[in-house]
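Participant: Got a structure for you, questions after.
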Amino acid sequence: MSLSSVKRWGKRVIGYPETNVPVASTVEYSSRIFQNPVQRLHDYVLSLFPIITWIGKYNLGWFTGDLIAGLTVGIVLVPQGMSYALIATLPAEYGLYSSFVGVLIYCFFATSKDVSIGPVAVMSLTVSQIIKHVDGKHPGEWQGPEIATTLAFITGFIVLGIGLLRLGWLVEFIPAPAVSGFMTGSAINIAVGQVPGLMGISGFDTRAATYKVAINTLKGLPRTTLDAAWGLTGLVCLYLIRYFCTYMTRKFPRRQRLFFFISVLRNAFVIVTLTIAAWLYCRHRKSKSGKYPIKLLLTVPAGFKHVGQPHIDKKLLTALAPELPVATIILLLEHIAISKSFGRLNGYKINPNQELIAIGVTNTVGSCFSAYPATGSFSRSALKSKSGVRTPLAGVITAIVVITALYGLTSAFFWIPSAGLSAIIIHAVADLVASPSQVYSFWRVSPLEFVIWAAAVLVTVFSTIEDGIYTSICTSLFLLLVRIAHPRGSFLGKAVVQEETSDSKEQREVFLPLSRGGIISPDIKIVPPAPGVLVYRFEESYLYPNCSIVNSVLVDYVRENMRRGKDMSQVKLRDRPWNDPSPRHGGAEAERAANEAKPDLHAVVLDFSTVSHLDVTATQALIDTRNEIERWTDHPVEFHFATVLSPWIRRALIAGGFGTGIPAVKTRDIAAVVPYRDGAEEIKGFERDDLESGDIKKRRLGSESPPPAQEGYTNLISSDTPFFHVDLHSAVRAAEAGLNRRT
């Protein structure tokens, strides 16, 4: 049996990374993990405060970009923060508290320069539903702000713990279509829930399921009040200004930045205009009962009125417990999705664990300012990015804008019409709805993931946002488990391809699926490997959820296409196993002829190039596969492994008796549920003591020992494991060479 070799370069071997010991060492692995613990601890602590890495290089050019972006986001954040607080059924000032703490604290822990932390529509809707749930179970025991502040503290603490433990990879189990689905459903839910406020319609629960709110809104259209004059006017103006600026940007591209900032200021312009109009109309029309003709925001207390240590009621924690999972998922999922998106867009990499630490600290500290849960906002982050932000320090500028409004503009907030805030909310959340082209792309790429998206949207619309999130997560995990448990793989054959270069034409062999798979041209001639050799390629990792299916595929293929070693036509029916299909009456000769026409299996070549993990259960399944195949052939079969890249996989295979070329004990178990201790069946001509002695050079399948490498070269694979090969071509050549020697 030949081994591939590679030319030496000094003392270094260029080629497959192999040492004298062909398996991974747990001692070596542990020593690498615990190497230089003091330095690792120092790096970990330093990573908690990314601001240290860039604040020393801060300059005037960066400050200019941060100043513009910070002021721009602040102008948008003030009306949005108050609007989102109303969605959460909280007084408007709590939106400003969350806005201030979010943008201020985040800059010290951020790995994203673009993300803007603060109140968001989806989280605000969730807070309102949690307040409704707790108040329904315990009516009158706690006020909404107390529930929201406690929720911010607990969810912030949970997310902080996830970040410190470096468990941010858990977010990766939720795919983009699932996130888009519940975001779209939530945006539709919020927009529909704001239409009654936009039109001045009341008399029903706007926090009910979306379809119920839509039906009740249509029924209530005859009750539309004067508020609609402010709400509809504001919504129309917001879209007119946006479309006008987009049109002018295309027509005058040199004025693009000017029209961008005009478009950005549309929220502030509309809310100021509506507030002045409301003041002019309502200032002399106060009724004797103290009501105004339209619904106004009314008094917003100036400054921080509730600063201090949060009071955490144990009974309240018990009441909140069922709602914590959905709030925590939204808190971390929305933020990570947004920060990753802007990292890809602007060419930098975020640290998910550090981002979780950032929003965890933000919400934990925010509870001391009576803030409710805050996370990353898509619309404000996009605005911040387009405004030319340079560093996370822009958040400090935004915080200054918010605190200025909180202390200096609250008297003007009195006259803000509620319908105008509803218009701003509808305009903001409309951007969260997935566009038709994006939804169609889900369908084109993966129809199953389109189903996940559609399920998340429909459940959110016809039930609640909580059910929508759980639906999207559960369906995504179910699809993942199905894909893992039903691995793809294919039996391979050879085809000759011709490659043309500038100098010559070269022909070489490639391995392609015998089934063609629908993408290989029927004009290509695929030749099966030599009779008696099977080549199978794994397309997934080989793990406990899928190993039994792979076992069935290999064994069933061998039974259908390879010769049975024992002539069962000569075995009496009463001596056959109960599960062995017997020939029909008079069909023994036909059975023997059909069996003799099949090739005798000599070797199985397994392509492990895509296998990155191999666990105990899968190794046991591979042993079972070998035992079942050898029971069918009635003689030992060589198992060759191509492109085993991981030393841990080599370690597992050798532990399972593979790679060495020694016939293994048929009843060998490494993962026996009920250990079999009465001895093991011995292979004819091979003693059990030889197998357990550890001398893997005694007797091998095949012929003589591998030849040594030529002078100036070294073997790519250890001579102790000649059945591991550097690539598929060498594995097939070795299997076919063994077949030729045998015949």
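Each chain in the structure tokens gets a letter, A, B, ..., in the order shown, and its residues are numbered from 1; ligands are numbered from 1 in order too.
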List every residue of region 455-650 of chain A that DSSP, applied to the backbone, labels as strand (DSSP E), and write the result as a ChimeraX atom specification.

Facilitator: /A:489-500,505-513,533-538,603-607,638-642

Participant: Could you pull the residues within 12 Å of Thr53 (chain A), counting only C-alpha atoms, minus those fewer than 4 positions along the same chain, as a ChimeraX atom specification?

Facilitator: /A:43,46-49,57-58,108-111,391

Participant: Those residues you just picked out, can you put them in a file as a CSV table (one decimal), in the first residue's frame with C-alpha atoms?

Facilitator:
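Resulting contents of result32.csv:
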```csv
chain,number,residue,atom,x,y,z
A,43,ASP,CA,-7.2,40.7,27.4
A,46,LEU,CA,-9.6,45.1,28.3
A,47,SER,CA,-12.2,43.7,25.9
A,48,LEU,CA,-15.0,44.8,28.2
A,49,PHE,CA,-14.2,48.5,27.5
A,57,LYS,CA,-6.6,58.5,18.8
A,58,TYR,CA,-9.7,60.8,18.9
A,108,PHE,CA,-18.4,53.1,26.6
A,109,PHE,CA,-19.0,49.5,25.8
A,110,ALA,CA,-19.9,49.5,22.1
A,111,THR,CA,-18.1,47.7,19.3
A,391,THR,CA,-17.1,56.8,16.6
```

Participant: Give me, as a list of chain:residue names, all polymer residues having an atom no more than 7 Å from region 424-429 of chain A, counting only C-alpha atoms and skipping those fewer than 6 positions away in the same chain.

Facilitator: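 In the requested format, the answer is A:Ser83, A:Ala187, A:Ala191, A:Gln194, A:Leu235, A:Asn267.
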
Participant: Once you have the residues from the selection above, write them out as a PDB file, in the first residue's frame, restricted to N, CA, C and O atoms.

Facilitator:
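selection-v3.pdb, freshly written:
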```pdb
ATOM      1  N   SER A  83     -43.043  59.092  21.830  1.00  0.00           N
ATOM      2  CA  SER A  83     -44.060  58.317  21.112  1.00  0.00           C
ATOM      3  C   SER A  83     -44.016  56.853  21.525  1.00  0.00           C
ATOM      4  O   SER A  83     -45.057  56.224  21.764  1.00  0.00           O
ATOM      5  N   ALA A 187     -44.339  45.226  13.325  1.00  0.00           N
ATOM      6  CA  ALA A 187     -44.537  46.549  12.725  1.00  0.00           C
ATOM      7  C   ALA A 187     -45.980  46.726  12.267  1.00  0.00           C
ATOM      8  O   ALA A 187     -46.588  47.795  12.464  1.00  0.00           O
ATOM      9  N   ALA A 191     -48.464  49.536  13.779  1.00  0.00           N
ATOM     10  CA  ALA A 191     -49.086  50.516  12.884  1.00  0.00           C
ATOM     11  C   ALA A 191     -50.611  50.463  12.973  1.00  0.00           C
ATOM     12  O   ALA A 191     -51.283  51.505  13.073  1.00  0.00           O
ATOM     13  N   GLN A 194     -51.939  52.041  16.080  1.00  0.00           N
ATOM     14  CA  GLN A 194     -51.844  53.494  16.157  1.00  0.00           C
ATOM     15  C   GLN A 194     -52.881  54.208  15.298  1.00  0.00           C
ATOM     16  O   GLN A 194     -53.076  55.411  15.447  1.00  0.00           O
ATOM     17  N   LEU A 235     -49.119  62.689   9.012  1.00  0.00           N
ATOM     18  CA  LEU A 235     -48.644  61.495   8.298  1.00  0.00           C
ATOM     19  C   LEU A 235     -48.410  61.798   6.822  1.00  0.00           C
ATOM     20  O   LEU A 235     -47.388  61.396   6.245  1.00  0.00           O
ATOM     21  N   ASN A 267     -39.306  64.841  10.908  1.00  0.00           N
ATOM     22  CA  ASN A 267     -40.012  64.513  12.145  1.00  0.00           C
ATOM     23  C   ASN A 267     -40.133  65.730  13.049  1.00  0.00           C
ATOM     24  O   ASN A 267     -41.219  66.035  13.563  1.00  0.00           O
TER      25      ASN A 267
END
```

Participant: Show me, as a ChimeraX atom specification, the residues that have an atom within 12 Å of Trp142 (chain A) when counting only C-alpha atoms, minus same-chain residues fewer than 4 positions from it.

Facilitator: /A:131-138,146-150,311-313,315-317,319-320

Participant: Given the selection you just returned, output its residues as a file containing C-alpha atoms, formatted as a tab-separated table (two decimals), in the first residue's frame.

Facilitator:
```tsv
chain	number	residue	atom	x	y	z
A	131	ILE	CA	-47.88	45.49	31.86
A	132	LYS	CA	-51.33	44.40	30.70
A	133	HIS	CA	-50.57	40.78	31.65
A	134	VAL	CA	-49.26	41.62	35.14
A	135	ASP	CA	-52.07	44.09	35.82
A	136	GLY	CA	-54.61	41.48	34.76
A	137	LYS	CA	-53.19	38.90	37.15
A	138	HIS	CA	-52.59	41.36	40.01
A	146	GLU	CA	-42.66	50.19	38.31
A	147	ILE	CA	-43.33	47.08	36.22
A	148	ALA	CA	-41.38	48.48	33.26
A	149	THR	CA	-38.38	49.53	35.40
A	150	THR	CA	-38.21	46.13	37.10
A	311	HIS	CA	-37.08	48.76	44.22
A	312	ILE	CA	-37.31	45.11	43.25
A	313	ASP	CA	-40.42	43.40	44.62
A	315	LYS	CA	-43.77	39.16	44.20
A	316	LEU	CA	-43.47	41.30	41.08
A	317	LEU	CA	-40.55	39.17	39.90
A	319	ALA	CA	-45.47	37.78	38.21
A	320	LEU	CA	-42.95	38.81	35.53
```

Participant: I'd like to know which residues of region 219-316 of chain A are helix (DSSP H, G or I) (by DSSP, run on the backbone); could you write them as a PyMOL selection string?

Facilitator: chain A and resi 219+221-223+227-251+253-264+266-282+314-316

Participant: Would you kindly return, as a list in words, each protein, DNA or RNA residue with an atom no farther than 9 Å from any atom of region 261-263 of chain A, considering only C-alpha atoms and excluding same-chain residues fewer than 3 positions away?

Facilitator: Thr72, Leu238, Ile241, Arg242, Tyr243, Phe244, Cys245, Thr246, Gln256, Arg257, Leu258, Arg266, Asn267 and Ser387 of chain A

Participant: Kindly indicate which residue among A:Ser521, A:Thr64, A:Thr633, A:Ser463 lies nearest to Arg563 (chain A), using only C-alpha atoms for the distances.

Facilitator: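 The closest residue to Arg563 (chain A) is A:Thr633.
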
Participant: Counting only C-alpha atoms, what is within 7 Å of Ala121 (chain A), bar same-chain residues fewer than 3 positions away, as number ranges by chain?

Facilitator: A: 84, 124-125

Participant: Kindly indicate which residue among A:His335, A:Lys219, A:His729, A:Lys305 lies nearest to Phe641 (chain A), using only C-alpha atoms for the distances.

Facilitator: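 Distance minimum relative to Phe641 (chain A) lands on A:His729.
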
Participant: Got a sec: who's within 7 Å of Ala85 (chain A), counting only C-alpha atoms, leaving out chain neighbours fewer than 4 positions off, as a list in words?

Facilitator: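 So the residues in contact are Gly81, Thr89, Leu90, Pro91, Ala92, Tyr94, Gly95 and Ser124 of chain A.
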
Participant: Could the residues in this selection be saved with N, CA and C atoms as a PDB file, in the first residue's frame?

Facilitator:
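Final output, result-v4.pdb:
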```pdb
ATOM      1  N   GLY A  81     -38.848  58.977  21.218  1.00  0.00           N
ATOM      2  CA  GLY A  81     -38.823  58.425  22.572  1.00  0.00           C
ATOM      3  C   GLY A  81     -40.145  58.622  23.285  1.00  0.00           C
ATOM      4  N   THR A  89     -47.596  52.216  27.002  1.00  0.00           N
ATOM      5  CA  THR A  89     -48.596  52.670  27.990  1.00  0.00           C
ATOM      6  C   THR A  89     -47.933  53.293  29.210  1.00  0.00           C
ATOM      7  N   LEU A  90     -46.863  54.057  28.978  1.00  0.00           N
ATOM      8  CA  LEU A  90     -46.151  54.769  30.027  1.00  0.00           C
ATOM      9  C   LEU A  90     -46.240  56.263  29.762  1.00  0.00           C
ATOM     10  N   PRO A  91     -46.082  57.103  30.777  1.00  0.00           N
ATOM     11  CA  PRO A  91     -45.996  58.545  30.538  1.00  0.00           C
ATOM     12  C   PRO A  91     -44.822  58.885  29.616  1.00  0.00           C
ATOM     13  N   ALA A  92     -44.947  59.967  28.861  1.00  0.00           N
ATOM     14  CA  ALA A  92     -43.964  60.303  27.828  1.00  0.00           C
ATOM     15  C   ALA A  92     -42.554  60.475  28.374  1.00  0.00           C
ATOM     16  N   TYR A  94     -40.881  58.832  30.436  1.00  0.00           N
ATOM     17  CA  TYR A  94     -40.116  57.592  30.579  1.00  0.00           C
ATOM     18  C   TYR A  94     -39.405  57.227  29.274  1.00  0.00           C
ATOM     19  N   GLY A  95     -39.958  57.640  28.162  1.00  0.00           N
ATOM     20  CA  GLY A  95     -39.261  57.457  26.898  1.00  0.00           C
ATOM     21  C   GLY A  95     -37.998  58.295  26.824  1.00  0.00           C
ATOM     22  N   SER A 124     -41.320  48.349  22.986  1.00  0.00           N
ATOM     23  CA  SER A 124     -42.361  49.140  23.653  1.00  0.00           C
ATOM     24  C   SER A 124     -43.695  48.404  23.624  1.00  0.00           C
TER      25      SER A 124
END
```

Participant: In terms of the shortest atom-to-atom distance over only C-alpha atoms, which of A:Ile190, A:Ala405, A:Ala652, A:Asp114 is closest to Arg207 (chain A)?

Facilitator: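 Between A:Ile190, A:Ala405, A:Ala652, A:Asp114, the residue approaching Arg207 (chain A) most closely is A:Ile190.
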
Participant: State, in Å with one decimal place, the distance from CA of Cys547 (chain A) to CA of Ser472 (chain A).

Facilitator: 27.5 Å

Participant: What is the CA of Val365 (chain A)-CA of Phe304 (chain A) distance in Å, reported with one decimal?

Facilitator: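 Atom-to-atom, CA of Val365 (chain A) and CA of Phe304 (chain A) are spaced 14.1 Å apart.
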
Participant: Can you measure CA of Tyr407 (chain A) to CA of Val101 (chain A) for me? One decimal in Å is fine.

Facilitator: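 Computed distance, CA of Tyr407 (chain A) to CA of Val101 (chain A), equals 14.8 Å.
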